[in-house]
$ cat model_29.pdb   # PDB, C-alpha atoms
ATOM      1  CA  MET A   1    -100.146-240.203 -24.275
ATOM      2  CA  ASN A   2    -102.169-239.821 -21.065
ATOM      3  CA  TRP A   3     -99.125-240.685 -18.955
ATOM      4  CA  LEU A   4     -97.018-238.063 -20.674
ATOM      5  CA  ARG A   5     -99.674-235.436 -20.008
ATOM      6  CA  PHE A   6     -99.911-236.518 -16.359
ATOM      7  CA  ILE A   7     -96.124-236.319 -15.902
ATOM      8  CA  PHE A   8     -96.052-232.868 -17.510
ATOM      9  CA  ILE A   9     -98.849-231.597 -15.241
ATOM     10  CA  ALA A  10     -97.119-233.079 -12.187
ATOM     11  CA  ALA A  11     -93.866-231.321 -13.144
ATOM     12  CA  LEU A  12     -95.705-228.022 -13.553
ATOM     13  CA  LEU A  13     -97.326-228.484 -10.145
ATOM     14  CA  VAL A  14     -93.978-229.174  -8.486
ATOM     15  CA  ILE A  15     -92.446-226.046 -10.031
ATOM     16  CA  PHE A  16     -95.518-224.047  -8.975
ATOM     17  CA  VAL A  17     -95.296-225.250  -5.373
ATOM     18  CA  VAL A  18     -91.549-224.606  -5.121
ATOM     19  CA  SER A  19     -91.784-221.121  -6.620
ATOM     20  CA  THR A  20     -94.741-220.256  -4.380
ATOM     21  CA  ILE A  21     -92.838-221.331  -1.269
ATOM     22  CA  THR A  22     -89.785-219.349  -2.421
ATOM     23  CA  ALA A  23     -91.950-216.248  -2.952
ATOM     24  CA  LEU A  24     -93.455-216.664   0.514
ATOM     25  CA  PHE A  25     -90.023-216.985   2.119
ATOM     26  CA  GLY A  26     -88.831-213.885   0.257
ATOM     27  CA  ALA A  27     -91.820-211.872   1.427
ATOM     28  CA  GLY A  28     -91.356-213.214   4.945
ATOM     29  CA  GLU A  29     -87.702-212.201   4.974
ATOM     30  CA  MET A  30     -88.621-208.670   3.890
ATOM     31  CA  LEU A  31     -91.291-208.362   6.590
ATOM     32  CA  ASN A  32     -88.896-209.778   9.173
ATOM     33  CA  ALA A  33     -86.292-207.137   8.310
ATOM     34  CA  LEU A  34     -88.890-204.343   8.370
ATOM     35  CA  PHE A  35     -90.298-205.362  11.743
ATOM     36  CA  ARG A  36     -86.860-205.990  13.250
ATOM     37  CA  THR A  37     -85.496-202.606  12.178
ATOM     38  CA  TYR A  38     -88.377-200.133  12.222
ATOM     39  CA  VAL A  39     -91.052-201.580  14.503
ATOM     40  CA  PHE A  40     -89.109-203.308  17.276
ATOM     41  CA  ARG A  41     -85.829-201.366  16.849
ATOM     42  CA  VAL A  42     -83.620-204.406  17.455
ATOM     43  CA  GLU A  43     -80.067-203.328  18.168
ATOM     44  CA  THR A  44     -76.905-205.177  17.253
ATOM     45  CA  CYS A  45     -74.283-205.104  19.988
ATOM     46  CA  GLU A  46     -70.575-205.292  19.321
ATOM     47  CA  TYR A  47     -68.085-206.046  22.060
ATOM     48  CA  ARG A  48     -64.592-204.634  22.063
ATOM     49  CA  PRO A  49     -61.857-206.762  23.631
ATOM     50  CA  PRO A  50     -61.042-205.912  27.248
ATOM     51  CA  LYS A  51     -57.815-204.257  28.251
ATOM     52  CA  ILE A  52     -55.665-206.531  30.377
ATOM     53  CA  ILE A  53     -52.959-205.285  32.693
ATOM     54  CA  THR A  54     -50.319-207.952  33.040
ATOM     55  CA  ARG A  55     -48.489-208.807  36.244
ATOM     56  CA  VAL A  56     -45.095-207.260  36.609
ATOM     57  CA  PRO A  57     -42.853-209.534  38.745
ATOM     58  CA  GLU A  58     -40.963-206.702  40.516
ATOM     59  CA  THR A  59     -44.021-204.799  41.751
ATOM     60  CA  LYS A  60     -46.285-207.806  42.380
ATOM     61  CA  GLU A  61     -49.114-206.012  40.609
ATOM     62  CA  ILE A  62     -52.332-208.015  40.345
ATOM     63  CA  GLU A  63     -53.893-208.635  36.966
ATOM     64  CA  THR A  64     -56.959-206.529  36.380
ATOM     65  CA  VAL A  65     -59.497-207.080  33.667
ATOM     66  CA  GLU A  66     -61.826-204.307  32.662
ATOM     67  CA  GLU A  67     -65.337-204.913  31.462
ATOM     68  CA  PRO A  68     -65.539-205.160  27.679
ATOM     69  CA  GLU A  69     -66.953-202.090  26.014
ATOM     70  CA  ARG A  70     -70.299-202.713  24.401
ATOM     71  CA  GLU A  71     -71.623-200.602  21.559
ATOM     72  CA  CYS A  72     -75.253-201.195  20.565
ATOM     73  CA  LYS A  73     -76.910-199.656  17.526
ATOM     74  CA  ILE A  74     -79.469-200.464  14.854
ATOM     75  CA  ASP A  75     -77.695-202.038  11.889
ATOM     76  CA  TYR A  76     -79.280-200.363   8.862
ATOM     77  CA  ASN A  77     -76.816-201.925   6.419
ATOM     78  CA  ARG A  78     -77.848-205.435   7.470
ATOM     79  CA  PHE A  79     -81.471-204.328   7.082
ATOM     80  CA  LYS A  80     -80.796-203.199   3.516
ATOM     81  CA  GLU A  81     -79.140-206.545   2.727
ATOM     82  CA  ASP A  82     -82.109-208.496   4.119
ATOM     83  CA  ILE A  83     -84.595-206.376   2.183
ATOM     84  CA  SER A  84     -82.689-206.772  -1.077
ATOM     85  CA  ASP A  85     -82.392-210.550  -0.592
ATOM     86  CA  GLY A  86     -86.089-210.951   0.176
ATOM     87  CA  LEU A  87     -87.159-208.627  -2.622
ATOM     88  CA  ALA A  88     -84.994-210.457  -5.144
ATOM     89  CA  MET A  89     -86.477-213.829  -4.151
ATOM     90  CA  PHE A  90     -90.004-212.427  -4.292
ATOM     91  CA  ILE A  91     -89.553-210.666  -7.653
ATOM     92  CA  ILE A  92     -88.186-213.825  -9.270
ATOM     93  CA  ALA A  93     -90.483-216.399  -7.659
ATOM     94  CA  ALA A  94     -93.877-214.646  -7.598
ATOM     95  CA  PRO A  95     -94.291-214.204 -11.395
ATOM     96  CA  LEU A  96     -92.914-217.694 -11.914
ATOM     97  CA  ALA A  97     -95.514-219.106  -9.522
ATOM     98  CA  LEU A  98     -98.278-217.158 -11.264
ATOM     99  CA  VAL A  99     -97.232-218.352 -14.731
ATOM    100  CA  PHE A 100     -97.038-221.988 -13.662
ATOM    101  CA  PHE A 101    -100.380-221.707 -11.837
ATOM    102  CA  ILE A 102    -102.070-220.428 -15.012
ATOM    103  CA  LYS A 103    -100.379-223.086 -17.184
ATOM    104  CA  THR A 104    -101.335-225.881 -14.786
ATOM    105  CA  ARG A 105    -104.972-224.773 -14.621
ATOM    106  CA  LYS A 106    -105.065-224.548 -18.398
ATOM    107  CA  PHE A 107    -103.697-228.099 -18.841
ATOM    108  CA  ILE A 108    -105.987-229.572 -16.168
ATOM    109  CA  TYR A 109    -109.206-228.015 -17.442
ATOM    110  CA  GLU A 110    -108.497-228.681 -21.144
ATOM    111  CA  SER A 111    -108.951-232.420 -20.745
TER     112      SER A 111
END

$ encode --input "model_29.pdb" --output "structure tokens"
Amino acid sequence: MNWLRFIFIAALLVIFVVSTITALFGAGEMLNALFRTYVFRVETCEYRPPKIITRVPETKEIETVEEPERECKIDYNRFKEDISDGLAMFIIAAPLALVFFIKTRKFIYES
């Protein structure tokens, strides 16, 4: 009977640790997105393909390659995705961690 209780407490502790780490990663992802977008104003750059002028054999025109156009802007849609992902992980994992912490303490101190 003691072994069964020990295995049950160990399983509760493992679930508690995993859910706590998941909640921390979710909160970290949210903070990362907030800092990246609103504090440091990190821009996402998109490159457009360059225009190439091909060589025409009759005129002996040399190939010219223009610089690719670069458009940089803050990607608010990506920010919203990161926030929703982090918030979802945190909302699911934080209460789970709290419940398993309370259950584990209750089983440990009842003996």

$ residues_around --input "model_29.pdb" --residues "Leu13 in chain A" --least-positions-apart "4" --cutoff "8 Å" --atoms "all atoms listed in the file" --output "ChimeraX atom specification"
/A:9,17,100-101,104

$ resolve_selection --input "model_29.pdb" --expression "the PyMOL selection byres ((chain A and resi 79) around 9)" --output "PyMOL selection string"
chain A and resi 30+33-34+36-37+74-78+80-84

$ atom_distance --input "model_29.pdb" --atom1 "CA of Val18 in chain A" --atom2 "CA of Ile102 in chain A"
15.0 Å

$ closest_residue --input "model_29.pdb" --among "A:Cys72, A:Val39, A:Cys45, A:Ile91" --to "Ala27 in chain A" --atoms "all atoms listed in the file"
A:Ile91

$ closest_residue --input "model_29.pdb" --among "A:Ala23, A:Glu69, A:Arg105, A:Arg41" --to "Gly86 in chain A" --atoms "only C-alpha atoms"
A:Ala23

$ residues_around --input "model_29.pdb" --residues "Ile21 in chain A" --least-positions-apart "6" --cutoff "12 Å" --atoms "all atoms listed in the file" --output "list in words"
Val14, Ile15, Ala27, Gly28, Met89, Phe90, Ile92, Ala93, Ala94, Leu96 and Ala97 of chain A

$ resolve_selection --input "model_29.pdb" --expression "the PyMOL selection byres ((chain A and resi 47) around 6)" --output "count of residues only"
4

$ closest_residue --input "model_29.pdb" --among "A:Thr44, A:Asn32, A:Ser19, A:Asn2" --to "Ile108 in chain A" --atoms "only C-alpha atoms"
A:Asn2

$ build_atoms --input "model_29.pdb" --residues "range 78-110 of chain A" --atoms "N, CA and C atoms" --output "PDB file, in the coordinates of the input"
ATOM      1  N   ARG A  78     -77.343-204.054   7.458  1.00  0.00           N
ATOM      2  CA  ARG A  78     -77.848-205.435   7.470  1.00  0.00           C
ATOM      3  C   ARG A  78     -79.317-205.461   7.048  1.00  0.00           C
ATOM      4  N   PHE A  79     -80.072-204.449   7.476  1.00  0.00           N
ATOM      5  CA  PHE A  79     -81.471-204.328   7.082  1.00  0.00           C
ATOM      6  C   PHE A  79     -81.600-204.200   5.571  1.00  0.00           C
ATOM      7  N   LYS A  80     -80.750-203.379   4.967  1.00  0.00           N
ATOM      8  CA  LYS A  80     -80.796-203.199   3.516  1.00  0.00           C
ATOM      9  C   LYS A  80     -80.449-204.497   2.791  1.00  0.00           C
ATOM     10  N   GLU A  81     -79.489-205.249   3.324  1.00  0.00           N
ATOM     11  CA  GLU A  81     -79.140-206.545   2.727  1.00  0.00           C
ATOM     12  C   GLU A  81     -80.311-207.523   2.804  1.00  0.00           C
ATOM     13  N   ASP A  82     -80.971-207.588   3.960  1.00  0.00           N
ATOM     14  CA  ASP A  82     -82.109-208.496   4.119  1.00  0.00           C
ATOM     15  C   ASP A  82     -83.257-208.120   3.188  1.00  0.00           C
ATOM     16  N   ILE A  83     -83.527-206.831   3.072  1.00  0.00           N
ATOM     17  CA  ILE A  83     -84.595-206.376   2.183  1.00  0.00           C
ATOM     18  C   ILE A  83     -84.268-206.713   0.733  1.00  0.00           C
ATOM     19  N   SER A  84     -83.041-206.478   0.320  1.00  0.00           N
ATOM     20  CA  SER A  84     -82.689-206.772  -1.077  1.00  0.00           C
ATOM     21  C   SER A  84     -82.740-208.268  -1.360  1.00  0.00           C
ATOM     22  N   ASP A  85     -82.310-209.104  -0.402  1.00  0.00           N
ATOM     23  CA  ASP A  85     -82.392-210.550  -0.592  1.00  0.00           C
ATOM     24  C   ASP A  85     -83.845-211.011  -0.714  1.00  0.00           C
ATOM     25  N   GLY A  86     -84.684-210.554   0.200  1.00  0.00           N
ATOM     26  CA  GLY A  86     -86.089-210.951   0.176  1.00  0.00           C
ATOM     27  C   GLY A  86     -86.813-210.440  -1.054  1.00  0.00           C
ATOM     28  N   LEU A  87     -86.523-209.208  -1.444  1.00  0.00           N
ATOM     29  CA  LEU A  87     -87.159-208.627  -2.622  1.00  0.00           C
ATOM     30  C   LEU A  87     -86.737-209.356  -3.891  1.00  0.00           C
ATOM     31  N   ALA A  88     -85.470-209.722  -3.967  1.00  0.00           N
ATOM     32  CA  ALA A  88     -84.994-210.457  -5.144  1.00  0.00           C
ATOM     33  C   ALA A  88     -85.689-211.816  -5.247  1.00  0.00           C
ATOM     34  N   MET A  89     -85.782-212.532  -4.123  1.00  0.00           N
ATOM     35  CA  MET A  89     -86.477-213.829  -4.151  1.00  0.00           C
ATOM     36  C   MET A  89     -87.937-213.660  -4.547  1.00  0.00           C
ATOM     37  N   PHE A  90     -88.589-212.638  -4.004  1.00  0.00           N
ATOM     38  CA  PHE A  90     -90.004-212.427  -4.292  1.00  0.00           C
ATOM     39  C   PHE A  90     -90.223-212.024  -5.746  1.00  0.00           C
ATOM     40  N   ILE A  91     -89.389-211.134  -6.272  1.00  0.00           N
ATOM     41  CA  ILE A  91     -89.553-210.666  -7.653  1.00  0.00           C
ATOM     42  C   ILE A  91     -89.342-211.797  -8.647  1.00  0.00           C
ATOM     43  N   ILE A  92     -88.425-212.703  -8.365  1.00  0.00           N
ATOM     44  CA  ILE A  92     -88.186-213.825  -9.270  1.00  0.00           C
ATOM     45  C   ILE A  92     -89.263-214.895  -9.117  1.00  0.00           C
ATOM     46  N   ALA A  93     -89.618-215.233  -7.891  1.00  0.00           N
ATOM     47  CA  ALA A  93     -90.483-216.399  -7.659  1.00  0.00           C
ATOM     48  C   ALA A  93     -91.975-216.108  -7.839  1.00  0.00           C
ATOM     49  N   ALA A  94     -92.441-214.926  -7.514  1.00  0.00           N
ATOM     50  CA  ALA A  94     -93.877-214.646  -7.598  1.00  0.00           C
ATOM     51  C   ALA A  94     -94.407-214.717  -9.035  1.00  0.00           C
ATOM     52  N   PRO A  95     -93.789-214.064 -10.027  1.00  0.00           N
ATOM     53  CA  PRO A  95     -94.291-214.204 -11.395  1.00  0.00           C
ATOM     54  C   PRO A  95     -94.162-215.637 -11.922  1.00  0.00           C
ATOM     55  N   LEU A  96     -93.092-216.302 -11.516  1.00  0.00           N
ATOM     56  CA  LEU A  96     -92.914-217.694 -11.914  1.00  0.00           C
ATOM     57  C   LEU A  96     -94.050-218.563 -11.375  1.00  0.00           C
ATOM     58  N   ALA A  97     -94.405-218.353 -10.118  1.00  0.00           N
ATOM     59  CA  ALA A  97     -95.514-219.106  -9.522  1.00  0.00           C
ATOM     60  C   ALA A  97     -96.818-218.797 -10.244  1.00  0.00           C
ATOM     61  N   LEU A  98     -97.056-217.541 -10.567  1.00  0.00           N
ATOM     62  CA  LEU A  98     -98.278-217.158 -11.264  1.00  0.00           C
ATOM     63  C   LEU A  98     -98.356-217.789 -12.652  1.00  0.00           C
ATOM     64  N   VAL A  99     -97.253-217.760 -13.391  1.00  0.00           N
ATOM     65  CA  VAL A  99     -97.232-218.352 -14.731  1.00  0.00           C
ATOM     66  C   VAL A  99     -97.502-219.855 -14.668  1.00  0.00           C
ATOM     67  N   PHE A 100     -96.843-220.543 -13.752  1.00  0.00           N
ATOM     68  CA  PHE A 100     -97.038-221.988 -13.662  1.00  0.00           C
ATOM     69  C   PHE A 100     -98.426-222.340 -13.116  1.00  0.00           C
ATOM     70  N   PHE A 101     -99.010-221.480 -12.293  1.00  0.00           N
ATOM     71  CA  PHE A 101    -100.380-221.707 -11.837  1.00  0.00           C
ATOM     72  C   PHE A 101    -101.349-221.611 -13.013  1.00  0.00           C
ATOM     73  N   ILE A 102    -101.190-220.592 -13.843  1.00  0.00           N
ATOM     74  CA  ILE A 102    -102.070-220.428 -15.012  1.00  0.00           C
ATOM     75  C   ILE A 102    -101.889-221.580 -15.990  1.00  0.00           C
ATOM     76  N   LYS A 103    -100.636-221.969 -16.257  1.00  0.00           N
ATOM     77  CA  LYS A 103    -100.379-223.086 -17.184  1.00  0.00           C
ATOM     78  C   LYS A 103    -100.971-224.393 -16.655  1.00  0.00           C
ATOM     79  N   THR A 104    -100.811-224.647 -15.364  1.00  0.00           N
ATOM     80  CA  THR A 104    -101.335-225.881 -14.786  1.00  0.00           C
ATOM     81  C   THR A 104    -102.853-225.920 -14.858  1.00  0.00           C
ATOM     82  N   ARG A 105    -103.500-224.816 -14.520  1.00  0.00           N
ATOM     83  CA  ARG A 105    -104.972-224.773 -14.621  1.00  0.00           C
ATOM     84  C   ARG A 105    -105.427-225.002 -16.051  1.00  0.00           C
ATOM     85  N   LYS A 106    -104.713-224.408 -16.993  1.00  0.00           N
ATOM     86  CA  LYS A 106    -105.065-224.548 -18.398  1.00  0.00           C
ATOM     87  C   LYS A 106    -104.953-226.007 -18.843  1.00  0.00           C
ATOM     88  N   PHE A 107    -103.865-226.692 -18.453  1.00  0.00           N
ATOM     89  CA  PHE A 107    -103.697-228.099 -18.841  1.00  0.00           C
ATOM     90  C   PHE A 107    -104.701-229.010 -18.137  1.00  0.00           C
ATOM     91  N   ILE A 108    -105.048-228.720 -16.894  1.00  0.00           N
ATOM     92  CA  ILE A 108    -105.987-229.572 -16.168  1.00  0.00           C
ATOM     93  C   ILE A 108    -107.390-229.441 -16.736  1.00  0.00           C
ATOM     94  N   TYR A 109    -107.827-228.222 -16.996  1.00  0.00           N
ATOM     95  CA  TYR A 109    -109.206-228.015 -17.442  1.00  0.00           C
ATOM     96  C   TYR A 109    -109.409-228.231 -18.943  1.00  0.00           C
ATOM     97  N   GLU A 110    -108.357-228.405 -19.717  1.00  0.00           N
ATOM     98  CA  GLU A 110    -108.497-228.681 -21.144  1.00  0.00           C
ATOM     99  C   GLU A 110    -108.894-230.122 -21.426  1.00  0.00           C
TER     100      GLU A 110
END
